[in-house]
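Text of start_9.cif, listed as mmCIF, C-alpha atoms:
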```cif
data_upload
loop_
_atom_site.label_atom_id
_atom_site.label_comp_id
_atom_site.auth_asym_id
_atom_site.auth_seq_id
_atom_site.Cartn_x
_atom_site.Cartn_y
_atom_site.Cartn_z
CA MET A 1 0.00 0.00 0.00
CA GLN A 2 1.47 3.33 -1.07
CA THR A 3 1.62 5.99 1.62
CA TRP A 4 0.60 9.62 1.09
CA ALA A 5 4.21 10.70 1.52
CA ALA A 6 5.38 8.36 -1.23
CA PHE A 7 2.53 9.48 -3.51
CA ALA A 8 3.34 13.15 -2.91
CA MET A 9 7.06 12.53 -3.47
CA GLU A 10 6.27 10.76 -6.73
CA TRP A 11 4.30 13.79 -7.96
CA ILE A 12 7.02 16.19 -6.83
CA ILE A 13 9.66 14.28 -8.81
CA VAL A 14 7.44 14.03 -11.89
CA VAL A 15 6.52 17.74 -11.80
CA PHE A 16 10.13 18.82 -11.19
CA ILE A 17 11.54 16.76 -14.07
CA GLY A 18 8.60 17.77 -16.26
CA LEU A 19 9.15 21.48 -15.60
CA LEU A 20 12.87 21.11 -16.22
CA ALA A 21 12.18 19.39 -19.53
CA LEU A 22 9.65 22.07 -20.54
CA ILE A 23 12.05 24.89 -19.69
CA ILE A 24 14.80 23.27 -21.76
CA LEU A 25 12.44 22.82 -24.72
CA TYR A 26 11.15 26.40 -24.40
CA LYS A 27 14.69 27.82 -24.30
CA ILE A 28 15.70 25.74 -27.30
CA TRP A 29 12.67 27.08 -29.17
CA LEU A 30 13.52 30.69 -28.27
CA GLY A 31 17.17 30.17 -29.16
CA THR A 32 18.41 30.92 -25.63
CA ILE A 33 19.92 27.43 -25.73
CA ASP A 34 21.84 27.70 -28.96
CA LEU A 35 21.69 24.65 -31.22
CA THR A 36 23.14 26.28 -34.34
CA GLY A 37 26.43 24.41 -33.98
CA LEU A 38 24.82 21.13 -32.90
CA LEU A 39 26.11 19.22 -35.92
CA ASN A 40 29.13 21.36 -36.75
CA GLU A 41 32.75 20.42 -36.51
CA ALA A 42 35.07 23.19 -35.38
CA ALA A 43 36.33 25.23 -38.33
CA SER A 44 39.69 23.81 -39.41
CA GLY A 45 41.78 26.00 -41.62
CA PRO A 46 41.11 28.28 -44.56
CA GLY A 47 39.47 25.56 -46.67
CA SER A 48 36.60 24.94 -44.30
CA ALA A 49 33.21 26.11 -45.44
CA PRO A 50 31.47 28.86 -43.48
CA VAL A 51 28.03 28.31 -42.05
CA GLY A 52 25.39 30.10 -44.09
CA GLY A 53 25.52 30.83 -47.81
CA PRO A 54 23.16 30.14 -50.69
CA GLY A 55 21.99 26.73 -49.51
CA ASN A 56 21.57 27.79 -45.93
CA PRO A 57 20.11 31.28 -45.60
CA PRO A 58 20.31 33.00 -42.23
CA ALA A 59 17.05 33.05 -40.37
CA GLY A 60 15.61 34.90 -37.41
CA GLY A 61 12.80 35.00 -34.89
CA PRO A 62 11.62 32.54 -32.25
CA GLY A 63 11.99 28.97 -33.31
CA ASN A 64 14.55 29.83 -35.91
CA PRO A 65 17.39 31.96 -34.54
CA PRO A 66 20.11 33.23 -36.87
CA THR A 67 22.90 30.80 -37.64
CA SER A 68 26.34 31.51 -36.26
CA GLY A 69 29.65 29.80 -35.65
CA GLY A 70 31.98 28.06 -38.06
CA GLY A 71 32.85 24.67 -39.46
CA LYS A 72 30.92 22.18 -41.53
CA ALA A 73 28.31 19.64 -40.57
CA SER A 74 29.70 16.44 -39.08
CA MET A 75 28.43 13.05 -40.22
CA SER A 76 29.38 11.36 -36.94
CA ARG A 77 27.45 13.96 -34.94
CA LEU A 78 24.39 13.52 -37.15
CA GLN A 79 24.61 9.77 -36.74
CA LEU A 80 24.85 10.02 -32.96
CA LEU A 81 21.83 12.33 -32.95
CA LEU A 82 19.76 9.94 -35.07
CA PHE A 83 20.76 6.89 -33.03
CA THR A 84 20.03 8.62 -29.75
CA PHE A 85 16.53 9.60 -30.82
CA ILE A 86 15.71 6.25 -32.38
CA ILE A 87 17.05 4.09 -29.56
CA ALA A 88 15.63 6.34 -26.82
CA GLY A 89 12.25 6.58 -28.55
CA LEU A 90 12.04 2.84 -29.15
CA TYR A 91 13.16 2.01 -25.64
CA LEU A 92 10.61 4.36 -24.06
CA THR A 93 7.78 3.09 -26.23
CA LEU A 94 8.59 -0.58 -25.65
CA CYS A 95 9.11 -0.12 -21.89
CA PHE A 96 5.75 1.59 -21.55
CA GLU A 97 4.08 -1.13 -23.59
CA ALA A 98 5.70 -3.88 -21.50
CA GLY A 99 5.19 -2.04 -18.21
CA GLU A 100 8.76 -2.78 -17.11
CA MET A 101 12.39 -1.95 -17.95
CA ILE A 102 13.17 -4.19 -20.91
CA ALA A 103 16.59 -5.62 -21.76
CA ILE A 104 18.76 -4.00 -24.41
CA PRO A 105 20.62 -6.55 -26.57
CA ASN A 106 24.41 -6.38 -26.45
CA GLN A 107 24.56 -5.81 -30.20
CA VAL A 108 22.53 -2.62 -29.85
CA LEU A 109 24.94 -1.37 -27.20
CA GLY A 110 27.70 -2.44 -29.59
CA ILE A 111 26.49 -0.27 -32.47
CA LEU A 112 26.00 2.65 -30.08
CA GLY A 113 29.56 2.08 -28.92
CA ILE A 114 30.85 1.95 -32.50
CA SER A 115 29.01 5.16 -33.31
CA GLY A 116 30.29 6.94 -30.20
CA GLY A 117 33.80 5.57 -30.65
CA SER A 118 33.85 6.69 -34.27
CA TYR A 119 32.85 10.17 -33.16
CA VAL A 120 35.69 10.30 -30.63
CA VAL A 121 38.24 8.97 -33.16
CA SER A 122 37.07 11.47 -35.79
CA LYS A 123 37.54 14.28 -33.27
CA GLY A 124 41.07 13.01 -32.66
CA ILE A 125 41.81 12.90 -36.40
CA GLN A 126 40.40 16.39 -36.82
CA LYS A 127 42.49 17.68 -33.94
CA SER A 128 45.68 16.14 -35.31
CA GLN A 129 45.02 17.61 -38.76
CA SER A 130 44.38 21.16 -37.56
CA MET B 1 -4.27 9.57 -13.28
CA SER B 2 -1.18 8.20 -11.53
CA PRO B 3 2.15 10.06 -11.72
CA ALA B 4 3.65 7.17 -13.70
CA THR B 5 0.92 7.32 -16.35
CA PHE B 6 1.22 11.08 -16.60
CA PHE B 7 4.99 10.86 -16.92
CA GLU B 8 4.69 8.14 -19.56
CA TYR B 9 2.66 10.39 -21.86
CA PHE B 10 4.66 13.49 -20.99
CA LEU B 11 8.01 11.88 -21.81
CA GLN B 12 6.83 10.62 -25.18
CA ILE B 13 5.33 14.01 -26.09
CA TRP B 14 8.47 15.84 -24.91
CA LEU B 15 10.79 13.60 -26.93
CA ALA B 16 8.57 14.03 -29.99
CA ALA B 17 8.52 17.83 -29.48
CA LEU B 18 12.31 17.94 -29.15
CA ALA B 19 12.67 15.89 -32.33
CA ALA B 20 10.20 18.22 -34.08
CA VAL B 21 12.12 21.35 -33.02
CA ILE B 22 15.42 19.86 -34.23
CA ALA B 23 13.83 18.71 -37.50
CA TYR B 24 12.34 22.18 -38.02
CA ARG B 25 15.70 23.82 -37.41
CA LEU B 26 17.37 21.40 -39.81
CA LEU B 27 14.79 22.19 -42.49
CA THR B 28 14.97 25.96 -42.08
CA GLY B 29 18.77 26.14 -41.76
CA GLY B 30 18.75 26.95 -38.04
CA ILE B 31 21.04 23.94 -37.65
CA SER B 32 23.47 23.91 -40.54
CA LEU B 33 23.97 20.82 -42.67
CA ASN B 34 26.42 22.58 -44.98
CA GLY B 35 29.30 20.37 -46.06
CA LEU B 36 27.77 17.18 -44.64
CA PHE B 37 28.96 15.13 -47.60
CA SER B 38 32.23 16.94 -48.19
CA MET B 39 35.71 16.74 -46.77
CA ASP B 40 36.55 20.41 -46.47
CA GLY B 41 33.36 22.08 -47.65
CA ASN B 42 34.32 21.71 -51.31
CA ARG B 43 35.33 18.14 -52.20
CA PHE B 44 32.59 15.50 -52.33
CA SER B 45 33.23 12.65 -49.91
CA PRO B 46 31.74 9.27 -50.92
CA GLU B 47 32.71 7.65 -47.61
CA ARG B 48 30.42 10.08 -45.80
CA LEU B 49 27.58 9.34 -48.21
CA GLN B 50 27.96 5.57 -47.70
CA LEU B 51 27.98 6.02 -43.91
CA PHE B 52 24.82 8.13 -44.14
CA ILE B 53 23.05 5.52 -46.28
CA VAL B 54 24.14 2.63 -44.02
CA THR B 55 22.96 4.59 -40.96
CA LEU B 56 19.55 5.31 -42.47
CA LEU B 57 19.07 1.71 -43.60
CA MET B 58 20.10 0.40 -40.20
CA ILE B 59 17.76 2.76 -38.36
CA VAL B 60 14.76 1.98 -40.55
CA ALA B 61 15.36 -1.78 -40.43
CA TYR B 62 15.90 -1.81 -36.68
CA ALA B 63 12.88 0.37 -35.87
CA GLU B 64 10.66 -1.74 -38.12
CA GLU B 65 11.89 -5.02 -36.58
CA SER B 66 11.60 -3.74 -33.00
CA LEU B 67 8.09 -2.38 -33.47
CA ARG B 68 6.99 -5.56 -35.24
CA THR B 69 8.24 -7.86 -32.45
CA MET B 70 7.53 -5.31 -29.67
CA GLN B 71 10.97 -5.80 -28.11
CA MET B 72 14.45 -4.38 -28.63
CA ALA B 73 15.34 -6.62 -31.55
CA PRO B 74 18.74 -8.34 -31.49
CA ILE B 75 21.10 -7.44 -34.32
CA SER B 76 23.16 -10.14 -36.01
CA ASN B 77 26.91 -10.07 -35.47
CA GLU B 78 27.39 -9.86 -39.23
CA LEU B 79 25.38 -6.65 -39.35
CA VAL B 80 27.40 -5.18 -36.48
CA ALA B 81 30.60 -6.09 -38.36
CA PHE B 82 29.19 -4.47 -41.51
CA PHE B 83 28.39 -1.35 -39.55
CA ALA B 84 31.90 -1.30 -38.06
CA ALA B 85 33.37 -1.69 -41.56
CA SER B 86 31.31 1.26 -42.77
CA HIS B 87 32.75 3.34 -39.96
CA ALA B 88 36.25 2.12 -40.74
CA VAL B 89 35.83 3.34 -44.34
CA TYR B 90 34.61 6.70 -43.07
CA LEU B 91 37.48 7.08 -40.60
CA GLY B 92 39.98 5.84 -43.19
CA GLY B 93 38.87 8.53 -45.61
CA LYS B 94 39.03 11.13 -42.88
CA THR B 95 42.53 10.05 -41.87
CA ALA B 96 43.67 10.15 -45.49
CA GLY B 97 42.45 13.74 -45.62
CA ARG B 98 39.83 13.17 -48.29
#
```

Translate this file's structure into structure tokens.
Amino acid sequence: MQTWAAFAMEWIIVVFIGLLALIILYKIWLGTIDLTGLLNEAASGPGSAPVGGPGNPPAGGPGNPPTSGGGKASMSRLQLLLFTFIIAGLYLTLCFEAGEMIAIPNQVLGILGISGGSYVVSKGIQKSQS
Amino acid sequence: MSPATFFEYFLQIWLAALAAVIAYRLLTGGISLNGLFSMDGNRFSPERLQLFIVTLLMIVAYAEESLRTMQMAPISNELVAFFAASHAVYLGGKTAGR
């Protein structure tokens, strides 16, 4: 039997995490949390392409703040982003359907490890080349 | 409604909203994708294109399999090796300065 204290604590935790998540989303939407360089590598040398240009016009206003920063988009960052959303989304959905924490196969952790490791190695290569 | 049920719906909606904001920014240029398939912003890089295609195929296949069986589907060791090889090609090209 759940006590009132436990029930209240459960709501407090849920509301706190929920508010935190909403604030983060709101600030991302406003541009206060800057995501313009989310997929960008650091600019490396004179040959690197600037952000912006004909294929990527600067924008403004809430929900679409102006682009800034340097460097080009990174494939390993994009891959990590896609994997994170897909694995997290699938895991959440399947856990809620099953009503319990389900097991993650080792191979899935393996491909996440390969993806993360590749990102780290590519950063090392980039650093050594610049 | 119990806190767990509320949180269950909230988390799914929040994750979807975050994905939507990022997708919107990607589409409108708020998050730059310039030079995604190039080495230095100018030269086309086939190893990046192959990694992108392999990633997309893997994601679609895995999501489809997991949702069909309603569990985190296991991936064959051969597929993991294929994925690692794709990354090796990408990193090899990057090391070679392509």

Could you list, as a ChimeraX atom specification, every residue within 8 Å of range 23-27 of chain A, counting only C-alpha atoms and ignoring same-chain residues fewer than 4 positions away? /A:19,31-33 /B:17-18

Could I get the residues of chain B with an atom no further than 8 Å from an atom of chain A, each paired with its nearest atom pair and that distance in Å to one decimal, using all atoms listed in the file, sorted by chain and residue number, as CSV?
```
residue,atom,partner,partner_atom,distance
B:Pro3,CA,A:Trp11,CA,5.7
B:Phe7,CA,A:Val14,CA,6.4
B:Glu8,CA,A:Phe96,CA,6.9
B:Phe10,CA,A:Gly18,CA,7.5
B:Gln12,CA,A:Leu92,CA,7.4
B:Trp14,CA,A:Ala21,CA,7.4
B:Leu15,CA,A:Gly89,CA,7.4
B:Ala17,CA,A:Leu25,CA,7.9
B:Leu18,CA,A:Leu25,CA,6.6
B:Ala19,CA,A:Phe85,CA,7.5
B:Val21,CA,A:Trp29,CA,6.9
B:Arg25,CA,A:Asn64,CA,6.3
B:Thr28,CA,A:Asn64,CA,7.3
B:Gly29,CA,A:Asn56,CA,5.3
B:Gly30,CA,A:Asn64,CA,5.5
B:Ile31,CA,A:Thr36,CA,4.6
B:Ser32,CA,A:Ala73,CA,6.5
B:Leu33,CA,A:Ala73,CA,5.0
B:Asn34,CA,A:Ala73,CA,5.6
B:Gly35,CA,A:Lys72,CA,5.1
B:Leu36,CA,A:Ala73,CA,4.8
B:Phe37,CA,A:Met75,CA,7.7
B:Asp40,CA,A:Ser48,CA,5.0
B:Gly41,CA,A:Ala49,CA,4.6
B:Asn42,CA,A:Ala49,CA,7.4
B:Arg48,CA,A:Met75,CA,6.6
B:Leu51,CA,A:Met75,CA,8.0
B:Phe52,CA,A:Met75,CA,7.3
B:Thr55,CA,A:Gln79,CA,6.9
B:Ile59,CA,A:Ile86,CA,7.2
B:Ala63,CA,A:Leu90,CA,7.2
B:Ser66,CA,A:Leu90,CA,7.6
B:Leu67,CA,A:Leu90,CA,7.8
B:Met70,CA,A:Leu94,CA,6.3
B:Gln71,CA,A:Leu94,CA,6.2
B:Met72,CA,A:Ile104,CA,6.0
B:Ala73,CA,A:Pro105,CA,7.3
B:Pro74,CA,A:Pro105,CA,5.6
B:Ile75,CA,A:Gln107,CA,5.6
B:Ser76,CA,A:Gln107,CA,7.4
B:Asn77,CA,A:Gln107,CA,7.2
B:Val80,CA,A:Ile111,CA,6.4
B:Phe83,CA,A:Ile111,CA,7.4
B:Ala84,CA,A:Ile114,CA,6.5
B:His87,CA,A:Ser118,CA,6.7
B:Leu91,CA,A:Ser122,CA,6.5
B:Lys94,CA,A:Ile125,CA,7.3
B:Thr95,CA,A:Ile125,CA,6.2
```

What's the separation between CA of Glu78 in chain B and CA of Gly113 in chain A, in Å to one decimal place?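 CA of Gly113 in chain A lies at a distance of 15.9 Å from CA of Glu78 in chain B.
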
Coordinates-based distance that separates CA of Tyr9 in chain B from CA of Leu109 in chain A (Å, one decimal):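 So the two atoms, CA of Leu109 in chain A and CA of Tyr9 in chain B, lie 25.8 Å apart.
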
What does the distance from CA of Ser130 in chain A to CA of Ala42 in chain A come to in Å, to one decimal?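 Straight-line distance from CA of Ser130 in chain A to CA of Ala42 in chain A works out to 9.8 Å.
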
With 6 Å added on each side, what axis-aligned box encloses every listed atom of range 76-89 of chain B? Give the centre and edge lengths in Å to one decimal, as JSON.
```
{"center_x": 29.7, "center_y": -3.4, "center_z": -39.9, "size_x": 25.1, "size_y": 25.5, "size_z": 20.9}
```

Distance criterion (all atoms listed in the file): nearest to Gly116 in chain A out of A:Leu30, A:Ala6, A:Leu20, A:Thr84: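 Of A:Leu30, A:Ala6, A:Leu20, A:Thr84, the one nearest Gly116 in chain A is A:Thr84, counting all atoms listed in the file.
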